[in-house]
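K.L.:
Pasting query-v3.cif here (mmCIF, C-alpha atoms and all ligand atoms):
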```
data_protein
loop_
_atom_site.label_atom_id
_atom_site.label_comp_id
_atom_site.auth_asym_id
_atom_site.auth_seq_id
_atom_site.Cartn_x
_atom_site.Cartn_y
_atom_site.Cartn_z
CA MET L 63 115.82 112.98 100.37
CA ARG L 64 112.56 112.79 98.42
CA ALA L 65 109.41 113.54 100.41
CA VAL L 66 105.81 114.58 99.79
CA ALA L 67 105.08 117.78 101.68
CA ILE L 68 102.85 120.84 101.88
CA SER L 69 104.18 124.40 102.10
CA GLU L 70 101.23 125.79 104.08
CA LEU L 71 97.84 124.75 105.46
CA GLY L 72 95.52 123.62 102.71
CA ALA L 73 98.29 123.56 100.05
CA THR L 74 98.42 120.72 97.51
CA PRO L 75 101.01 118.09 98.55
CA VAL L 76 103.96 117.87 96.15
CA PRO L 77 107.03 115.63 95.84
CA THR L 78 110.07 117.66 96.83
CA ASN L 79 113.72 117.45 98.01
CA LEU L 80 114.29 118.05 101.73
CA PRO L 81 117.23 117.45 104.08
CA VAL L 82 117.49 114.09 105.81
CA PRO L 83 116.47 114.77 109.46
CA GLU L 84 119.03 114.26 112.22
CA PRO L 85 118.09 112.12 115.23
CA GLY L 86 118.33 113.90 118.59
CA PRO L 87 118.62 112.29 122.01
CA GLY L 88 116.32 109.28 122.35
CA GLU L 89 115.46 109.35 118.64
CA ALA L 90 116.11 107.04 115.72
CA LEU L 91 116.42 107.96 112.06
CA VAL L 92 114.32 105.46 110.12
CA ARG L 93 114.72 104.69 106.40
CA VAL L 94 111.07 104.35 105.40
CA ILE L 95 110.31 101.31 103.28
CA ALA L 96 106.51 101.46 103.35
CA ALA L 97 104.09 104.18 104.51
CA GLY L 98 100.35 103.75 105.06
CA LEU L 99 98.01 106.44 103.74
CA ASN L 100 95.15 107.46 106.05
CA PRO L 101 92.42 110.09 105.54
CA MET L 102 93.85 111.64 108.71
CA ASP L 103 96.94 112.65 106.66
CA TRP L 104 95.08 115.03 104.37
CA LYS L 105 92.84 116.18 107.22
CA ILE L 106 96.01 117.20 109.09
CA ALA L 107 97.17 118.98 105.91
CA ASP L 108 93.85 120.84 105.91
CA GLY L 109 94.45 121.99 109.50
CA LEU L 110 92.63 119.38 111.62
CA LEU L 111 95.15 119.78 114.47
CA LYS L 112 95.97 123.46 114.07
CA ASP L 113 94.36 124.45 117.38
CA SER L 114 96.03 121.70 119.39
CA VAL L 115 99.50 121.17 117.87
CA PRO L 116 102.07 123.59 116.37
CA TYR L 117 102.63 122.99 112.66
CA HIS L 118 106.04 123.25 111.01
CA PHE L 119 106.37 123.87 107.25
CA PRO L 120 107.27 122.37 104.91
CA LEU L 121 105.21 119.59 106.49
CA ILE L 122 105.88 116.08 105.23
CA LEU L 123 102.62 114.12 105.29
CA GLY L 124 102.01 110.65 106.73
CA GLN L 125 102.05 109.07 110.16
CA ASP L 126 102.03 105.31 109.61
CA GLY L 127 105.15 103.59 108.37
CA ALA L 128 107.68 100.78 108.52
CA GLY L 129 111.39 100.74 107.83
CA VAL L 130 114.91 100.22 109.13
CA VAL L 131 116.79 102.25 111.73
CA ASP L 132 119.62 104.00 109.90
CA ALA L 133 121.18 106.16 112.66
CA VAL L 134 120.43 106.92 116.30
CA GLY L 135 120.77 109.72 118.83
CA GLU L 136 122.00 109.15 122.38
CA ASP L 137 119.90 106.62 124.35
CA ALA L 138 117.66 105.76 121.41
CA ALA L 139 115.17 102.95 122.00
CA PHE L 140 116.26 101.01 118.90
CA PRO L 141 119.67 99.92 117.54
CA VAL L 142 120.86 100.69 114.02
CA GLY L 143 119.58 97.99 111.67
CA GLU L 144 116.39 97.24 113.66
CA GLN L 145 113.24 96.89 111.58
CA VAL L 146 110.56 99.10 113.14
CA PHE L 147 107.00 100.15 112.39
CA GLY L 148 104.28 102.22 113.93
CA ARG L 149 102.65 105.59 114.17
CA PHE L 150 105.22 108.41 113.88
CA PHE L 151 103.96 111.87 114.86
CA GLY L 152 106.22 114.55 113.40
CA VAL L 153 103.78 117.42 112.69
CA PRO L 154 105.50 119.94 115.05
CA ARG L 155 108.79 119.33 113.24
CA GLY L 156 107.41 119.02 109.74
CA LEU L 157 108.26 115.33 109.60
CA GLY L 158 106.13 112.47 108.29
CA THR L 159 106.35 109.05 106.71
CA TYR L 160 105.77 110.01 103.05
CA ALA L 161 109.54 110.35 102.77
CA GLU L 162 112.72 108.36 102.37
CA TYR L 163 113.55 109.01 106.03
CA THR L 164 111.62 109.93 109.16
CA ILE L 165 112.31 110.16 112.88
CA ALA L 166 111.02 107.80 115.60
CA ALA L 167 110.74 109.91 118.77
CA PRO L 168 110.27 108.57 122.32
CA ASP L 169 106.56 109.60 122.38
CA ASP L 170 105.75 107.74 119.16
CA ALA L 171 103.89 104.42 119.04
CA VAL L 172 106.75 102.60 117.31
CA LEU L 173 107.82 98.99 117.92
CA PRO L 174 110.30 96.50 116.51
CA MET L 175 108.66 94.61 113.66
CA PRO L 176 107.57 91.11 114.67
CA GLU L 177 109.44 88.32 112.95
CA GLY L 178 107.88 87.39 109.64
CA MET L 179 105.86 90.59 109.27
CA LEU L 180 106.24 92.24 105.87
CA TYR L 181 106.84 95.99 105.53
CA THR L 182 103.59 96.41 103.59
CA GLN L 183 101.50 94.81 106.33
CA ALA L 184 103.41 96.71 109.02
CA ALA L 185 102.58 100.02 107.31
CA THR L 186 98.85 99.23 107.16
CA LEU L 187 98.40 98.27 110.80
CA PRO L 188 99.11 101.27 113.06
CA THR L 189 96.27 103.81 112.68
CA PRO L 190 93.57 101.45 111.32
CA GLY L 191 94.45 98.70 113.81
CA MET L 192 94.68 100.92 116.87
CA THR L 193 91.48 102.75 115.89
CA ALA L 194 89.65 99.45 115.39
CA VAL L 195 90.67 98.19 118.83
CA ALA L 196 89.88 101.53 120.50
CA ILE L 197 86.44 101.68 118.91
CA ALA L 198 85.56 98.02 119.60
CA ASP L 199 86.54 98.54 123.26
CA ALA L 200 84.68 101.85 123.56
CA ALA L 201 81.54 100.39 122.01
CA GLU L 202 81.79 97.25 124.21
CA VAL L 203 81.51 94.97 121.20
CA GLU L 204 80.97 91.44 122.47
CA ALA L 205 79.27 88.13 121.76
CA GLY L 206 75.51 88.28 121.41
CA ARG L 207 75.42 91.89 120.19
CA THR L 208 74.30 92.96 116.75
CA VAL L 209 76.71 95.55 115.37
CA LEU L 210 76.13 97.74 112.32
CA VAL L 211 79.42 98.96 110.80
CA VAL L 212 78.94 102.00 108.55
CA GLY L 213 81.93 102.62 106.24
CA ALA L 214 82.95 98.98 106.65
CA THR L 215 84.86 98.65 103.36
CA GLY L 216 87.65 101.16 104.10
CA GLY L 217 90.90 101.11 106.05
CA VAL L 218 89.37 101.20 109.54
CA GLY L 219 86.17 99.38 108.60
CA GLN L 220 87.83 96.15 107.51
CA PRO L 221 89.67 95.51 110.81
CA VAL L 222 86.54 96.56 112.73
CA VAL L 223 84.41 93.99 110.89
CA ARG L 224 86.94 91.21 111.53
CA LEU L 225 87.48 92.16 115.17
CA ALA L 226 83.76 92.45 115.95
CA SER L 227 82.95 89.13 114.31
CA ARG L 228 85.84 87.40 116.12
CA ARG L 229 84.48 88.76 119.39
CA GLY L 230 81.28 86.88 118.60
CA ALA L 231 79.11 89.81 117.55
CA THR L 232 76.69 89.56 114.62
CA VAL L 233 78.05 92.10 112.14
CA ILE L 234 76.03 93.94 109.52
CA ALA L 235 78.44 95.73 107.17
CA THR L 236 77.70 98.47 104.67
CA ALA L 237 79.17 97.55 101.28
CA ARG L 238 78.64 98.28 97.65
CA PRO L 239 78.09 95.05 95.68
CA ASP L 240 81.78 94.66 94.67
CA MET L 241 82.80 94.48 98.36
CA ALA L 242 80.00 92.30 99.75
CA GLY L 243 82.05 89.09 99.36
CA ARG L 244 85.06 90.63 101.08
CA MET L 245 82.88 91.70 104.02
CA ARG L 246 81.63 88.13 104.43
CA GLU L 247 85.23 86.84 104.26
CA LEU L 248 86.02 89.19 107.14
CA GLY L 249 83.13 87.76 109.13
CA ALA L 250 80.10 89.95 108.37
CA ALA L 251 76.85 88.03 108.74
CA GLU L 252 75.00 90.41 106.42
CA THR L 253 75.75 93.32 104.13
CA VAL L 254 73.63 96.32 103.19
CA ASP L 255 74.31 98.44 100.11
CA HIS L 256 74.48 102.09 101.17
CA GLY L 257 74.33 103.08 97.49
CA GLU L 258 70.78 101.70 97.33
CA ASP L 259 67.75 102.48 99.52
CA GLU L 260 67.90 104.24 102.91
CA LEU L 261 69.98 102.17 105.32
CA ASN L 262 67.31 102.51 108.00
CA ASP L 263 64.67 100.94 105.73
CA GLN L 264 66.96 98.11 104.59
CA ILE L 265 67.91 97.18 108.14
CA ARG L 266 64.43 97.55 109.66
CA GLU L 267 63.09 95.19 107.01
CA HIS L 268 65.13 92.28 108.41
CA ARG L 269 65.63 93.53 111.95
CA PRO L 270 62.51 95.32 113.10
CA ASP L 271 63.97 95.55 116.62
CA GLY L 272 67.06 97.36 115.38
CA VAL L 273 70.68 96.82 116.47
CA ASP L 274 72.67 97.00 119.72
CA VAL L 275 75.72 98.90 118.45
CA ILE L 276 76.53 101.21 115.56
CA ILE L 277 80.18 101.77 114.63
CA ASP L 278 80.19 104.65 112.20
CA LEU L 279 83.27 105.67 110.21
CA VAL L 280 81.70 108.05 107.70
CA SER L 281 78.50 109.81 108.75
CA ASP L 282 78.08 113.51 109.41
CA ARG L 283 75.80 114.81 112.19
CA ALA L 284 72.59 114.66 110.15
CA ALA L 285 73.20 111.13 108.86
CA ALA L 286 74.14 109.93 112.35
CA GLU L 287 70.92 111.35 113.78
CA ARG L 288 68.93 109.29 111.27
CA LEU L 289 70.91 106.11 111.93
CA ALA L 290 70.57 106.46 115.71
CA ALA L 291 66.89 105.55 115.29
CA LEU L 292 68.08 101.98 114.54
CA LEU L 293 69.50 101.51 118.04
CA ARG L 294 67.66 99.63 120.73
CA PRO L 295 67.31 101.35 124.12
CA GLY L 296 70.59 100.94 125.99
CA GLY L 297 72.50 100.78 122.70
CA VAL L 298 75.90 102.30 121.88
CA TYR L 299 76.79 104.58 118.96
CA ALA L 300 80.51 105.12 118.28
CA SER L 301 81.79 107.55 115.63
CA THR L 302 85.31 108.21 114.32
CA THR L 303 84.12 111.36 112.54
CA TRP L 304 82.92 113.08 115.71
CA ALA L 305 79.39 113.18 114.32
CA LEU L 306 77.61 112.59 117.62
CA ASN L 307 75.94 114.76 120.21
CA PRO L 308 76.24 112.44 123.25
CA ASP L 309 73.81 114.53 125.35
CA ALA L 310 71.07 114.31 122.74
CA LEU L 311 71.66 110.56 122.41
CA GLU L 312 71.55 110.07 126.17
CA ALA L 313 68.03 111.48 126.15
CA GLN L 314 67.15 108.55 123.83
CA ASP L 315 68.84 106.04 126.18
CA ILE L 316 71.79 105.66 123.78
CA ARG L 317 75.45 106.01 124.79
CA GLY L 318 77.23 108.12 122.18
CA VAL L 319 81.04 108.00 121.90
CA ASN L 320 83.10 110.23 119.63
CA ILE L 321 86.32 108.25 119.34
CA ASP L 322 89.46 109.88 120.67
CA TYR L 323 92.34 107.64 121.71
CA THR L 324 96.04 108.00 122.34
CA PRO L 325 98.26 105.83 120.12
CA THR L 326 100.70 104.02 122.40
CA PRO L 327 103.20 101.17 122.03
CA ASP L 328 100.96 99.03 124.29
CA LEU L 329 97.93 99.57 122.07
CA LEU L 330 100.03 98.80 118.99
CA ARG L 331 101.28 95.63 120.71
CA ARG L 332 97.65 94.52 121.12
CA VAL L 333 97.10 95.14 117.42
CA VAL L 334 100.11 92.96 116.57
CA GLU L 335 98.80 90.15 118.80
CA LEU L 336 95.31 90.36 117.30
CA ALA L 337 96.72 90.38 113.75
CA ALA L 338 98.88 87.33 114.54
CA GLU L 339 95.76 85.47 115.76
CA GLY L 340 93.80 86.47 112.65
CA ASP L 341 91.44 88.56 114.79
CA LEU L 342 92.25 91.70 112.86
CA GLU L 343 92.91 92.03 109.14
CA ILE L 344 93.41 94.91 106.75
CA GLY L 345 93.37 94.54 102.97
CA VAL L 346 95.87 96.37 100.76
CA GLU L 347 94.18 98.07 97.81
CA GLU L 348 97.32 99.38 96.07
CA GLU L 349 101.07 99.92 96.46
CA ILE L 350 102.46 103.03 94.79
CA PRO L 351 105.78 104.89 94.50
CA LEU L 352 106.28 108.06 96.55
CA GLU L 353 105.91 110.35 93.53
CA GLU L 354 102.30 109.11 93.10
CA ALA L 355 101.27 109.95 96.67
CA PRO L 356 99.63 113.29 95.72
CA ALA L 357 97.31 111.48 93.28
CA ALA L 358 96.53 108.84 95.94
CA ILE L 359 95.65 111.59 98.42
CA ALA L 360 93.25 113.07 95.86
CA ARG L 361 91.65 109.62 95.44
CA SER L 362 91.31 109.23 99.21
CA ARG L 363 89.58 112.60 99.43
CA ALA L 364 87.15 111.55 96.69
CA GLY L 365 86.18 108.39 98.66
CA GLY L 366 85.65 104.83 97.51
CA ALA L 367 88.61 103.24 99.35
CA ARG L 368 88.71 99.44 99.15
CA GLY L 369 91.40 98.93 101.82
CA LYS L 370 94.79 100.52 102.29
CA THR L 371 97.06 102.48 99.98
CA VAL L 372 100.72 101.74 100.76
CA ILE L 373 103.39 104.18 99.59
CA ARG L 374 106.87 102.81 98.78
CA PRO L 375 109.42 105.66 99.11
N1 LIG L 401 88.78 109.64 115.53
C1 LIG L 401 89.87 108.95 115.24
O1 LIG L 401 90.73 108.73 116.09
C2 LIG L 401 90.03 108.39 113.85
C3 LIG L 401 91.01 107.42 113.60
C4 LIG L 401 91.09 106.87 112.32
C5 LIG L 401 90.24 107.31 111.32
N2 LIG L 401 89.35 108.29 111.59
C6 LIG L 401 88.41 108.75 110.54
O2 LIG L 401 87.54 107.68 110.23
C7 LIG L 401 87.11 107.79 108.87
C8 LIG L 401 87.30 106.46 108.15
O3 LIG L 401 88.68 106.20 107.97
P1 LIG L 401 89.16 105.10 106.93
O4 LIG L 401 90.64 105.07 106.99
O5 LIG L 401 88.41 103.84 107.15
O6 LIG L 401 88.65 105.74 105.54
P2 LIG L 401 88.67 105.11 104.08
O7 LIG L 401 89.74 104.07 104.01
O8 LIG L 401 88.69 106.25 103.13
O9 LIG L 401 87.27 104.33 103.95
C9 LIG L 401 86.02 104.92 103.96
C10 LIG L 401 85.02 103.86 103.44
O10 LIG L 401 83.69 104.31 103.69
C11 LIG L 401 82.87 103.98 102.58
N3 LIG L 401 81.76 104.94 102.56
C12 LIG L 401 81.76 106.22 102.13
N4 LIG L 401 80.56 106.80 102.33
C13 LIG L 401 79.77 105.86 102.90
C14 LIG L 401 78.42 105.84 103.37
N5 LIG L 401 77.64 106.92 103.29
N6 LIG L 401 77.95 104.71 103.94
C15 LIG L 401 78.72 103.61 104.05
N7 LIG L 401 80.01 103.56 103.63
C16 LIG L 401 80.52 104.68 103.06
C17 LIG L 401 83.79 104.08 101.40
O11 LIG L 401 83.35 103.24 100.34
P3 LIG L 401 82.32 103.79 99.20
O12 LIG L 401 82.83 105.11 98.76
O13 LIG L 401 82.31 102.75 98.18
O14 LIG L 401 81.02 103.94 99.86
C18 LIG L 401 85.12 103.57 101.96
O15 LIG L 401 85.26 102.18 101.77
C19 LIG L 401 87.93 108.95 108.27
O16 LIG L 401 87.13 110.11 108.28
C20 LIG L 401 89.10 109.10 109.23
O17 LIG L 401 89.66 110.39 109.23
C21 LIG L 401 89.23 108.84 112.82
#
```
Mind turning the file's structure into structure tokens?

P.N.:
Amino acid sequence: MRAVAISELGATPVPTNLPVPEPGPGEALVRVIAAGLNPMDWKIADGLLKDSVPYHFPLILGQDGAGVVDAVGEDAAFPVGEQVFGRFFGVPRGLGTYAEYTIAAPDDAVLPMPEGMLYTQAATLPTPGMTAVAIADAAEVEAGRTVLVVGATGGVGQPVVRLASRRGATVIATARPDMAGRMRELGAAETVDHGEDELNDQIREHRPDGVDVIIDLVSDRAAAERLAALLRPGGVYASTTWALNPDALEAQDIRGVNIDYTPTPDLLRRVVELAAEGDLEIGVEEEIPLEEAPAAIARSRAGGARGKTVIRP
């Protein structure tokens, strides 16, 4: 089968031929029809999980995907022919979703596809959707709160903006001018252009009292320390990039949360329900063939995402 894989940590991903994996007990072989690209994929290729998970090379990249069950091992959770989607975690076996086939294992957050859901949408939902729900819960986003979303225009940011606004929060989204309209469509009350003046100055100008919650998908430690000054006492700062020092924030009466969640079928089910209600939405920026995945990874590394890249093996 064709797959996009790396030969060692830090290697450039390349399209290659690899054997179709065989499903073991409890597993299903899935013919991948759409795979979602996440920054996590190239971070894993760079070694993000090397201290916590064994790596197997060649390592096929990709965790999010949707497809059709093609063969099953004994006691598999899905029958042959079932359409499934979710977050597949194959790093210890070198498996991923940037391939014609992958394996759904019992520990994966994989579900049957809801009726009417398209493969493209199914491939975009797992990691961004589950992260958005986990972060909105952790940050206690609710009606009456003012929430600044930093990195709002990307894969996780878009569902966060929609979810927070549907929960009744007043959302301020960072966006370059080309994405300001999209942020308002998703429910942002205001946008601030992070390519212009200091965010702190722009926000203080209209909101001298600051904000209740910051959801930050991009900042490093130094940038997060600056932004924390925007939070009111008792505020919450949540980061997906592990930029926070919760002890230092606590001294400023701010609760800091570096987001770490376990992808589960139950969490993915919540994402499906929220998407069906229109409470969570993720835009697709581009659909590309498998052979173009290395170039798409390079673009993701360079930044500037406007939604999801979906790979069609
Ligand atoms: N901890 C976890 O469990 C977890 C889970 C999922 C994702 N993550 C991490 O969360 C991060 C975001 O993921 P993603 O999928 O949303 O990434 P993405 O799709 O690449 O989007 C990033 C967005 O941030 C914007 N951006 C870049 N620099 C910015 C800045 N200084 N201020 C405001 N916006 C800025 C980019 O637009 P411009 O370039 O136009 O500014 C882009 O739209 C990644 O680092 C990912 O690895 C962590």

K.L.:
Show me which residues sit within 7 Å of ligand LIG 401 (chain L) when counting only C-alpha atoms and all ligand atoms, and put them as a PyMOL selection string.

P.N.:
chain L and resi 100-102+105+189-190+193+212-219+236-238+256+279-281+302-304+321-323+362+365-370

K.L.:
Can you write out the residues you just picked, keeping C-alpha atoms, as a short mmCIF file (atom, residue, chain, number, x, y, z; two decimals), keeping the file's coordinate frame?

P.N.:
```cif
data_model
loop_
_atom_site.label_atom_id
_atom_site.label_comp_id
_atom_site.auth_asym_id
_atom_site.auth_seq_id
_atom_site.Cartn_x
_atom_site.Cartn_y
_atom_site.Cartn_z
CA ASN L 100 95.15 107.46 106.05
CA PRO L 101 92.42 110.09 105.54
CA MET L 102 93.85 111.64 108.71
CA LYS L 105 92.84 116.18 107.22
CA THR L 189 96.27 103.81 112.68
CA PRO L 190 93.57 101.45 111.32
CA THR L 193 91.48 102.75 115.89
CA VAL L 212 78.94 102.00 108.55
CA GLY L 213 81.93 102.62 106.24
CA ALA L 214 82.95 98.98 106.65
CA THR L 215 84.86 98.65 103.36
CA GLY L 216 87.65 101.16 104.10
CA GLY L 217 90.90 101.11 106.05
CA VAL L 218 89.37 101.20 109.54
CA GLY L 219 86.17 99.38 108.60
CA THR L 236 77.70 98.47 104.67
CA ALA L 237 79.17 97.55 101.28
CA ARG L 238 78.64 98.28 97.65
CA HIS L 256 74.48 102.09 101.17
CA LEU L 279 83.27 105.67 110.21
CA VAL L 280 81.70 108.05 107.70
CA SER L 281 78.50 109.81 108.75
CA THR L 302 85.31 108.21 114.32
CA THR L 303 84.12 111.36 112.54
CA TRP L 304 82.92 113.08 115.71
CA ILE L 321 86.32 108.25 119.34
CA ASP L 322 89.46 109.88 120.67
CA TYR L 323 92.34 107.64 121.71
CA SER L 362 91.31 109.23 99.21
CA GLY L 365 86.18 108.39 98.66
CA GLY L 366 85.65 104.83 97.51
CA ALA L 367 88.61 103.24 99.35
CA ARG L 368 88.71 99.44 99.15
CA GLY L 369 91.40 98.93 101.82
CA LYS L 370 94.79 100.52 102.29
#
```

K.L.:
Need the axis-aligned box for stretch 263-281 of chain L with 3 Å each side, so what are the centre and edges in Å to one decimal, as AutoDock Vina command-line options?

P.N.:
```
--center_x 72.9 --center_y 101.0 --center_z 112.2 --size_x 26.8 --size_y 23.5 --size_z 21.1
```

K.L.:
Near L:Val131, counting all atoms listed in the file, which residues have an atom at most 7 Å away, once you skip same-chain residues fewer than 5 positions from it, shown as a PDB file with C-alpha atoms, keeping the file's coordinate frame?

P.N.:
```pdb
ATOM      1  CA  ALA L  90     116.110 107.040 115.720  1.00  0.00           C
ATOM      2  CA  LEU L  91     116.420 107.960 112.060  1.00  0.00           C
ATOM      3  CA  VAL L  92     114.320 105.460 110.120  1.00  0.00           C
ATOM      4  CA  ARG L  93     114.720 104.690 106.400  1.00  0.00           C
ATOM      5  CA  PRO L 141     119.670  99.920 117.540  1.00  0.00           C
ATOM      6  CA  VAL L 142     120.860 100.690 114.020  1.00  0.00           C
ATOM      7  CA  GLY L 143     119.580  97.990 111.670  1.00  0.00           C
ATOM      8  CA  GLU L 144     116.390  97.240 113.660  1.00  0.00           C
ATOM      9  CA  GLN L 145     113.240  96.890 111.580  1.00  0.00           C
TER      10      GLN L 145
END
```

K.L.:
By how many Å are atom CA of L:Arg269 and atom CA of L:Val211 apart?

P.N.:
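Interatomic distance here is 14.9 Å.
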
K.L.:
Excluding L:Ala305 and any residue of its chain fewer than 5 positions from it, enumerate the residues within 8 Å of it, using all atoms listed in the file, and give them as an MDAnalysis selection string.

P.N.:
chainID L and resid 281:283 286 320
